[in-house]
>>> print(open('model37.cif').read())   # mmCIF, C-alpha atoms
data_my_file
loop_
_atom_site.label_atom_id
_atom_site.label_comp_id
_atom_site.auth_asym_id
_atom_site.auth_seq_id
_atom_site.Cartn_x
_atom_site.Cartn_y
_atom_site.Cartn_z
CA LEU A 1 -86.94 93.73 46.20
CA GLN A 2 -84.07 94.03 43.73
CA GLN A 3 -81.66 94.93 46.55
CA GLN A 4 -82.87 91.95 48.57
CA GLN A 5 -82.26 89.62 45.62
CA GLN A 6 -78.76 91.03 45.13
CA GLN A 7 -78.00 90.59 48.83
CA GLN A 8 -79.23 86.97 48.72
CA GLN A 9 -77.04 86.29 45.69
CA GLN A 10 -73.99 87.76 47.38
CA GLN A 11 -74.66 85.72 50.51
CA GLN A 12 -74.78 82.53 48.44
CA HIS A 13 -71.76 83.50 46.33
CA PRO A 14 -69.77 86.39 47.81
CA VAL A 15 -67.93 88.54 45.28
CA GLY A 16 -64.84 86.72 44.12
CA THR A 17 -66.22 83.21 44.68
CA LEU A 18 -68.83 82.83 41.93
CA VAL A 19 -66.78 81.65 38.94
CA SER A 20 -64.65 78.52 38.80
CA LYS A 21 -62.59 77.22 35.89
CA ASP A 22 -64.43 73.91 36.35
CA ASP A 23 -67.81 75.49 35.52
CA TYR A 24 -69.59 74.43 32.35
CA ILE A 25 -69.56 77.99 30.99
CA MET A 26 -65.80 78.21 31.52
CA GLN A 27 -65.04 75.22 29.27
CA ARG A 28 -63.66 76.40 25.93
CA ASP A 29 -65.48 73.77 23.92
CA TYR A 30 -68.34 73.74 21.42
CA ASP A 31 -71.23 75.84 22.80
CA LYS A 32 -70.14 75.66 26.42
CA SER A 33 -68.38 78.93 27.16
CA PRO A 34 -70.38 81.93 25.86
CA ILE A 35 -69.01 84.16 23.11
CA VAL A 36 -67.73 87.56 24.19
CA VAL A 37 -67.75 90.60 21.89
CA PRO A 38 -65.64 93.02 23.97
CA GLN A 39 -66.11 96.14 21.85
CA HIS A 40 -69.86 95.95 22.40
CA LYS A 41 -69.76 94.51 25.93
CA LEU A 42 -71.80 91.47 24.90
CA ILE A 43 -71.77 87.97 26.39
CA PHE A 44 -73.83 85.63 24.20
CA PHE A 45 -74.74 82.09 25.25
CA THR A 46 -75.14 80.16 22.00
CA THR A 47 -77.40 77.11 22.17
CA PRO A 48 -77.36 74.34 19.52
CA LYS A 49 -80.62 73.94 17.57
CA VAL A 50 -81.64 77.49 18.46
CA GLY A 51 -80.14 79.28 15.48
CA CYS A 52 -76.61 79.52 16.86
CA THR A 53 -74.93 79.35 13.42
CA VAL A 54 -76.21 82.69 12.18
CA TRP A 55 -75.24 84.39 15.45
CA LYS A 56 -71.68 83.05 15.22
CA LYS A 57 -71.53 84.36 11.66
CA LEU A 58 -72.71 87.75 12.86
CA PHE A 59 -70.07 87.92 15.59
CA ARG A 60 -67.32 86.92 13.14
CA ARG A 61 -68.54 89.62 10.78
CA MET A 62 -68.43 92.13 13.64
CA MET A 63 -64.85 91.04 14.30
CA GLY A 64 -63.95 91.85 10.68
CA TYR A 65 -63.24 88.37 9.32
CA ALA A 66 -63.49 88.20 5.53
CA ASP A 67 -64.66 84.56 5.69
CA TRP A 68 -67.39 85.30 8.27
CA ASP A 69 -69.99 83.48 6.14
CA ASP A 70 -68.24 80.09 6.50
CA SER A 71 -70.72 78.04 8.55
CA MET A 72 -68.35 75.18 9.41
CA LEU A 73 -65.58 77.52 10.53
CA ALA A 74 -67.99 79.55 12.64
CA HIS A 75 -68.62 76.57 14.95
CA ASP A 76 -65.02 75.61 15.72
CA PRO A 77 -63.82 77.53 18.80
CA LYS A 78 -60.21 76.65 17.96
CA LEU A 79 -60.37 78.19 14.48
CA ASN A 80 -63.19 80.77 14.36
CA GLY A 81 -61.18 83.56 15.98
CA LEU A 82 -63.95 84.43 18.42
CA THR A 83 -63.36 85.35 22.06
CA TYR A 84 -64.96 83.26 24.81
CA LEU A 85 -65.63 83.87 28.48
CA ALA A 86 -63.20 81.02 29.22
CA ASP A 87 -60.42 83.19 27.79
CA TYR A 88 -60.71 85.47 30.83
CA SER A 89 -59.60 84.88 34.38
CA THR A 90 -62.27 83.81 36.87
CA GLU A 91 -62.09 87.26 38.47
CA GLU A 92 -62.62 89.04 35.15
CA ALA A 93 -65.42 86.67 34.14
CA GLU A 94 -67.26 87.23 37.40
CA GLN A 95 -66.97 90.99 37.10
CA MET A 96 -68.39 90.85 33.55
CA LEU A 97 -71.26 88.57 34.54
CA ARG A 98 -72.23 90.70 37.51
CA SER A 99 -71.84 94.05 35.73
CA ARG A 100 -74.92 95.74 34.30
CA GLU A 101 -72.65 97.43 31.76
CA TRP A 102 -72.36 94.08 29.99
CA THR A 103 -75.29 92.70 28.00
CA LYS A 104 -75.86 88.99 28.55
CA ALA A 105 -78.04 87.25 25.96
CA ILE A 106 -79.39 83.78 25.24
CA TRP A 107 -81.84 82.41 22.66
CA VAL A 108 -84.32 79.65 23.58
CA ARG A 109 -86.74 77.43 21.70
CA ASP A 110 -89.81 75.33 22.44
CA PRO A 111 -88.29 72.07 23.81
CA LYS A 112 -90.49 69.75 21.73
CA GLU A 113 -89.64 71.63 18.55
CA ARG A 114 -85.94 71.75 19.41
CA PHE A 115 -85.84 68.03 20.19
CA LEU A 116 -87.50 67.19 16.88
CA SER A 117 -85.06 69.47 15.07
CA ALA A 118 -82.17 67.59 16.71
CA TYR A 119 -83.66 64.26 15.60
CA LEU A 120 -84.10 65.38 11.99
CA ASP A 121 -80.71 67.06 11.74
CA LYS A 122 -78.51 64.79 13.84
CA ALA A 123 -80.08 61.35 13.36
CA VAL A 124 -82.08 61.29 10.13
CA SER A 125 -79.71 63.48 8.10
CA ASN A 126 -76.10 62.69 7.12
CA ASN A 127 -76.57 58.94 7.60
CA GLY A 128 -76.75 59.40 11.34
CA LYS A 129 -73.11 60.47 11.51
CA HIS A 130 -73.64 62.55 14.65
CA ILE A 131 -75.07 59.68 16.72
CA ARG A 132 -72.42 57.11 15.80
CA ASN A 133 -70.63 57.56 19.12
CA CYS A 134 -73.92 57.18 21.00
CA CYS A 135 -74.42 53.93 19.12
CA GLN A 136 -70.81 52.78 19.53
CA GLN A 137 -70.56 52.71 15.72
CA SER A 138 -73.37 50.14 15.42
CA ASP A 139 -75.29 50.50 12.13
CA GLU A 140 -78.18 48.56 13.61
CA CYS A 141 -78.42 50.99 16.53
CA ILE A 142 -78.29 54.00 14.18
CA ALA A 143 -81.01 52.57 11.95
CA LYS A 144 -83.23 51.97 14.96
CA ALA A 145 -82.69 55.53 16.26
CA GLN A 146 -83.53 56.89 12.81
CA SER A 147 -86.74 54.86 12.62
CA SER A 148 -88.80 57.06 14.95
CA LEU A 149 -88.62 59.98 17.33
CA ASP A 150 -89.48 57.55 20.13
CA ALA A 151 -86.49 55.33 19.33
CA PHE A 152 -84.22 58.38 19.10
CA TYR A 153 -85.46 59.53 22.51
CA ASP A 154 -84.62 56.16 24.07
CA LEU A 155 -81.11 56.26 22.61
CA VAL A 156 -80.12 59.78 23.60
CA THR A 157 -81.68 59.80 27.07
CA ASN A 158 -80.06 56.50 27.99
CA HIS A 159 -76.67 56.80 26.30
CA CYS A 160 -75.74 60.40 25.45
CA ALA A 161 -77.92 62.82 27.40
CA TRP A 162 -74.89 65.13 27.73
CA ASP A 163 -74.91 66.15 24.04
CA ALA A 164 -75.44 69.92 23.70
CA HIS A 165 -77.88 69.49 20.80
CA TRP A 166 -80.56 68.09 23.11
CA LEU A 167 -79.25 69.10 26.54
CA PRO A 168 -82.05 70.91 28.41
CA GLN A 169 -81.77 74.65 27.89
CA SER A 170 -82.01 75.16 31.64
CA GLU A 171 -78.64 73.34 31.85
CA ARG A 172 -77.00 75.54 29.22
CA ILE A 173 -75.70 77.66 32.11
CA ASP A 174 -74.58 76.34 35.49
CA ALA A 175 -77.48 76.60 37.94
CA LYS A 176 -75.67 79.02 40.25
CA TYR A 177 -75.57 81.69 37.53
CA TRP A 178 -79.30 81.95 36.84
CA PRO A 179 -80.03 84.02 39.98
CA VAL A 180 -77.16 86.34 39.06
CA LEU A 181 -78.44 86.78 35.51
CA GLN A 182 -82.17 86.92 36.18
CA ASP A 183 -82.44 90.72 36.18
CA SER A 184 -79.96 91.43 33.41
CA VAL A 185 -80.12 88.73 30.74
CA PHE A 186 -81.73 89.32 27.34
CA VAL A 187 -83.79 86.24 26.43
CA GLY A 188 -84.64 85.91 22.75
CA HIS A 189 -87.14 83.35 21.45
CA PHE A 190 -86.91 81.24 18.32
CA ASP A 191 -90.60 81.89 17.64
CA THR A 192 -89.98 85.64 17.49
CA ASN A 193 -86.47 85.56 16.01
CA ALA A 194 -86.73 88.59 13.78
CA HIS A 195 -88.32 90.88 16.36
CA ASP A 196 -85.98 89.85 19.18
CA ALA A 197 -82.83 89.94 17.04
CA LYS A 198 -83.56 93.45 15.84
CA ARG A 199 -84.28 94.56 19.40
CA LEU A 200 -80.94 93.16 20.64
CA LEU A 201 -78.92 94.67 17.79
CA ARG A 202 -80.54 98.04 18.33
CA HIS A 203 -79.77 97.81 22.04
CA LEU A 204 -76.12 97.19 21.13
CA GLN A 205 -76.30 100.06 18.60
CA VAL A 206 -75.08 97.84 15.76
CA TRP A 207 -78.31 97.40 13.81
CA GLN A 208 -77.45 99.95 11.11
CA THR A 209 -73.90 98.66 10.75
CA TYR A 210 -74.44 94.89 10.76
CA GLY A 211 -78.16 94.20 10.64
CA VAL A 212 -79.62 96.30 7.83
CA SER A 213 -77.63 94.85 4.94
CA GLY A 214 -74.79 92.60 3.83
CA TRP A 215 -76.49 89.24 4.32
CA GLY A 216 -76.84 86.72 1.54
CA PRO A 217 -75.00 86.18 -1.74
CA PRO A 218 -73.32 89.15 -3.51
CA ALA A 219 -76.32 89.60 -5.80
CA SER A 220 -78.48 90.33 -2.77
CA SER A 221 -75.94 92.01 -0.50
CA ALA A 222 -78.65 94.45 0.56
CA ALA A 223 -80.37 91.59 2.38
CA SER A 224 -81.04 92.19 6.05
CA PHE A 225 -79.92 90.02 8.97
CA LEU A 226 -83.65 89.38 9.38
CA GLY A 227 -84.17 88.38 5.76
CA SER A 228 -84.84 85.00 4.17
CA SER A 229 -81.58 84.90 2.24
CA ALA A 230 -78.95 82.24 2.82
CA GLY A 231 -77.44 84.25 5.62
CA GLY A 232 -80.50 85.69 7.29
CA ILE A 233 -82.03 84.65 10.56
CA ARG A 234 -85.38 83.80 8.93
CA HIS A 235 -83.70 81.21 6.75
CA MET A 236 -83.21 78.90 9.74
CA THR A 237 -85.25 75.77 9.26
CA SER A 238 -88.01 75.16 11.77
CA ALA A 239 -89.34 71.80 12.87
CA GLY A 240 -92.46 73.51 14.22
CA GLN A 241 -94.62 72.70 11.21
CA LYS A 242 -93.71 69.01 11.41
CA LEU A 243 -94.52 68.31 15.06
CA SER A 244 -97.72 66.36 14.33
CA TRP A 245 -95.89 64.22 11.76
CA TYR A 246 -93.48 62.78 14.33
CA TYR A 247 -95.04 63.18 17.77
CA THR A 248 -97.72 61.09 19.45
CA PRO A 249 -99.53 62.09 22.66
CA GLN A 250 -97.42 59.54 24.53
CA MET A 251 -94.19 60.92 23.05
CA GLU A 252 -95.28 64.44 23.95
CA ARG A 253 -95.65 63.48 27.59
CA LYS A 254 -92.20 61.88 27.63
CA VAL A 255 -90.53 64.95 26.18
CA ASP A 256 -92.47 67.34 28.41
CA ARG A 257 -91.29 65.39 31.47
CA TYR A 258 -87.71 65.23 30.25
CA PHE A 259 -87.54 68.98 29.66
CA ALA A 260 -89.66 69.94 32.68
CA ALA A 261 -86.85 72.11 34.09
CA ASP A 262 -86.90 74.25 30.93
CA TYR A 263 -90.55 75.08 31.54
CA GLU A 264 -90.04 75.57 35.27
CA LEU A 265 -87.25 78.13 34.87
CA GLU A 266 -89.45 81.21 34.54
CA LEU A 267 -86.62 83.34 33.22
CA LEU A 268 -86.66 81.40 29.93
CA GLY A 269 -90.34 82.16 29.32
CA LEU A 270 -91.09 78.70 27.90
CA LYS A 271 -94.54 77.19 28.33
CA PRO A 272 -95.69 73.69 27.36
CA ARG A 273 -97.63 73.76 24.10
CA ALA A 274 -99.75 70.86 22.98
CA VAL A 275 -99.16 69.48 19.50
CA VAL A 276 -102.17 69.99 17.25
CA TYR A 277 -102.91 66.76 15.44
CA PRO A 278 -104.87 66.90 12.17
CA ASN A 279 -108.15 65.03 11.90
CA LYS A 280 -108.56 62.27 9.32
CA GLN A 281 -109.69 64.65 6.55
CA GLN A 282 -106.75 66.96 7.15
CA GLN A 283 -104.36 64.02 7.20
CA GLN A 284 -105.65 62.86 3.81
CA LYS A 285 -105.07 66.35 2.39
CA LEU A 286 -101.54 66.43 3.81
CA VAL A 287 -100.74 63.04 2.27
CA LYS A 288 -102.06 64.21 -1.11
#
>>> encode(input="model37.cif", output="structure tokens")
Amino acid sequence: LQQQQQQQQQQQHPVGTLVSKDDYIMQRDYDKSPIVVPQHKLIFFTTPKVGCTVWKKLFRRMMGYADWDDSMLAHDPKLNGLTYLADYSTEEAEQMLRSREWTKAIWVRDPKERFLSAYLDKAVSNNGKHIRNCCQQSDECIAKAQSSLDAFYDLVTNHCAWDAHWLPQSERIDAKYWPVLQDSVFVGHFDTNAHDAKRLLRHLQVWQTYGVSGWGPPASSAASFLGSSAGGIRHMTSAGQKLSWYYTPQMERKVDRYFAADYELELLGLKPRAVVYPNKQQQQKLVK
């Protein structure tokens, strides 16, 4: 079966024709081209709102940068010093993507939770700075988008669906690459961050060197990559506990439809999960 799949892939995209410089993953821009860590033969597809900051910090630490803990610097592909797949020729990139000697990894998150996280972080926080372009600098538009998850949904789906912070995860990688990656990609899940991160780092044989300690402020430099310190992967805020505060059954259906392709791409392992709404007594306790 595996040989048949490989033959089908090669028929669709014969060796030497798979990668183009026009592909999304070959654009050297924020969270488009994946990060490459050559010494460990790793290609990592970072995805906004799925804990990408801490992974960029880790890769900068692995590269030996003294300022690896700088969150703002970690995101800028022009300044962070990281290597990207776009830095390679199309021939080299294709060879790396097809090779089983290279580990390809991506982290995914429940679409409803990720969308809410984007709303809270990119619309509600920082005076809506991130959505100013979507709103063409209109304060009235920003205020409306901040007013509810429903209003935010209407704005982004109609005016800036292309933004990586809420782009469907199934579109993180050009469609033609999924069949090539299906048997070789490591898919980590936001819900099981700690377990999956440790498994990946052990696979790369870097757990003892970069995962066991060194995360967090100097006073707690023994903190693990999995810890709850300022640098650890468990510190990442989760919108999961707030779903019932912002969603309605109608809004759930909208978001499920919008991100249907994420659920349909079996490789990602994402399944629709209904929001659990508290009853009246529970709501009263939450308000108190």
>>> atom_distance(input="model37.cif", atom1="atom CA of Phe44 of chain A", atom2="atom CA of Thr103 of chain A")
8.2 Å
>>> resolve_selection(input="model37.cif", expression="the PyMOL selection byres ((chain A and resi 130) around 12)", output="PyMOL selection string")
chain A and resi 118-129+131-137+142+145-146+156+160+163-165
>>> closest_residue(input="model37.cif", among="A:Arg100, A:Phe59, A:Phe45, A:Thr248", to="Asp183 of chain A", atoms="all atoms listed in the file")
A:Arg100
>>> residues_around(input="model37.cif", residues="Ala197 of chain A", least_positions_apart="4", cutoff="12 Å", atoms="only C-alpha atoms", output="VMD selection string")
chain A and resid 51 54 to 55 58 105 to 107 186 to 193 201 to 204 206 to 207 210 to 212 224 to 227 232 to 234
>>> atom_distance(input="model37.cif", atom1="atom CA of Leu18 of chain A", atom2="atom CA of Tyr88 of chain A")
14.0 Å
>>> residues_around(input="model37.cif", residues="Asp22 of chain A", least_positions_apart="5", cutoff="12 Å", atoms="all atoms listed in the file", output="list of chain:residue names")
A:Gln27, A:Arg28, A:Lys32, A:Ser33, A:Ala86, A:Thr90, A:Asp174
>>> residues_around(input="model37.cif", residues="Lys104 of chain A", least_positions_apart="6", cutoff="12 Å", atoms="all atoms listed in the file", output="JSON, numbers by chain")
{"A": [34, 35, 36, 37, 38, 40, 41, 42, 43, 44, 45, 46, 85, 96, 97, 98, 173, 177, 178, 180, 181, 182, 183, 184, 185, 186, 187, 188, 200, 203, 204]}
>>> atom_distance(input="model37.cif", atom1="atom CA of Asp196 of chain A", atom2="atom CA of Ser99 of chain A")
22.2 Å
>>> closest_residue(input="model37.cif", among="A:Leu265, A:Leu79, A:Ala66, A:Ala74", to="Pro179 of chain A", atoms="only C-alpha atoms")
A:Leu265
>>> closest_residue(input="model37.cif", among="A:Ala143, A:Ala175, A:Leu149, A:Leu73", to="Lys112 of chain A", atoms="all atoms listed in the file")
A:Leu149
>>> resolve_selection(input="model37.cif", expression="the PyMOL selection byres ((chain A and resi 270-274) around 9)", output="ChimeraX atom specification")
/A:108-112,189,249,252,256,260,262-269,275-276
>>> axis_aligned_box(input="model37.cif", around="segment 260-266 of chain A", padding_each_side="6 Å", output="JSON")
{"center_x": -88.7, "center_y": 75.6, "center_z": 33.1, "size_x": 15.7, "size_y": 23.3, "size_z": 16.3}
>>> closest_residue(input="model37.cif", among="A:Thr17, A:Ser138, A:Ser117, A:Gln250", to="Asp150 of chain A", atoms="only C-alpha atoms")
A:Gln250
>>> closest_residue(input="model37.cif", among="A:Trp215, A:Gln169, A:Gln95, A:Ala161", to="Gly16 of chain A", atoms="all atoms listed in the file")
A:Gln95
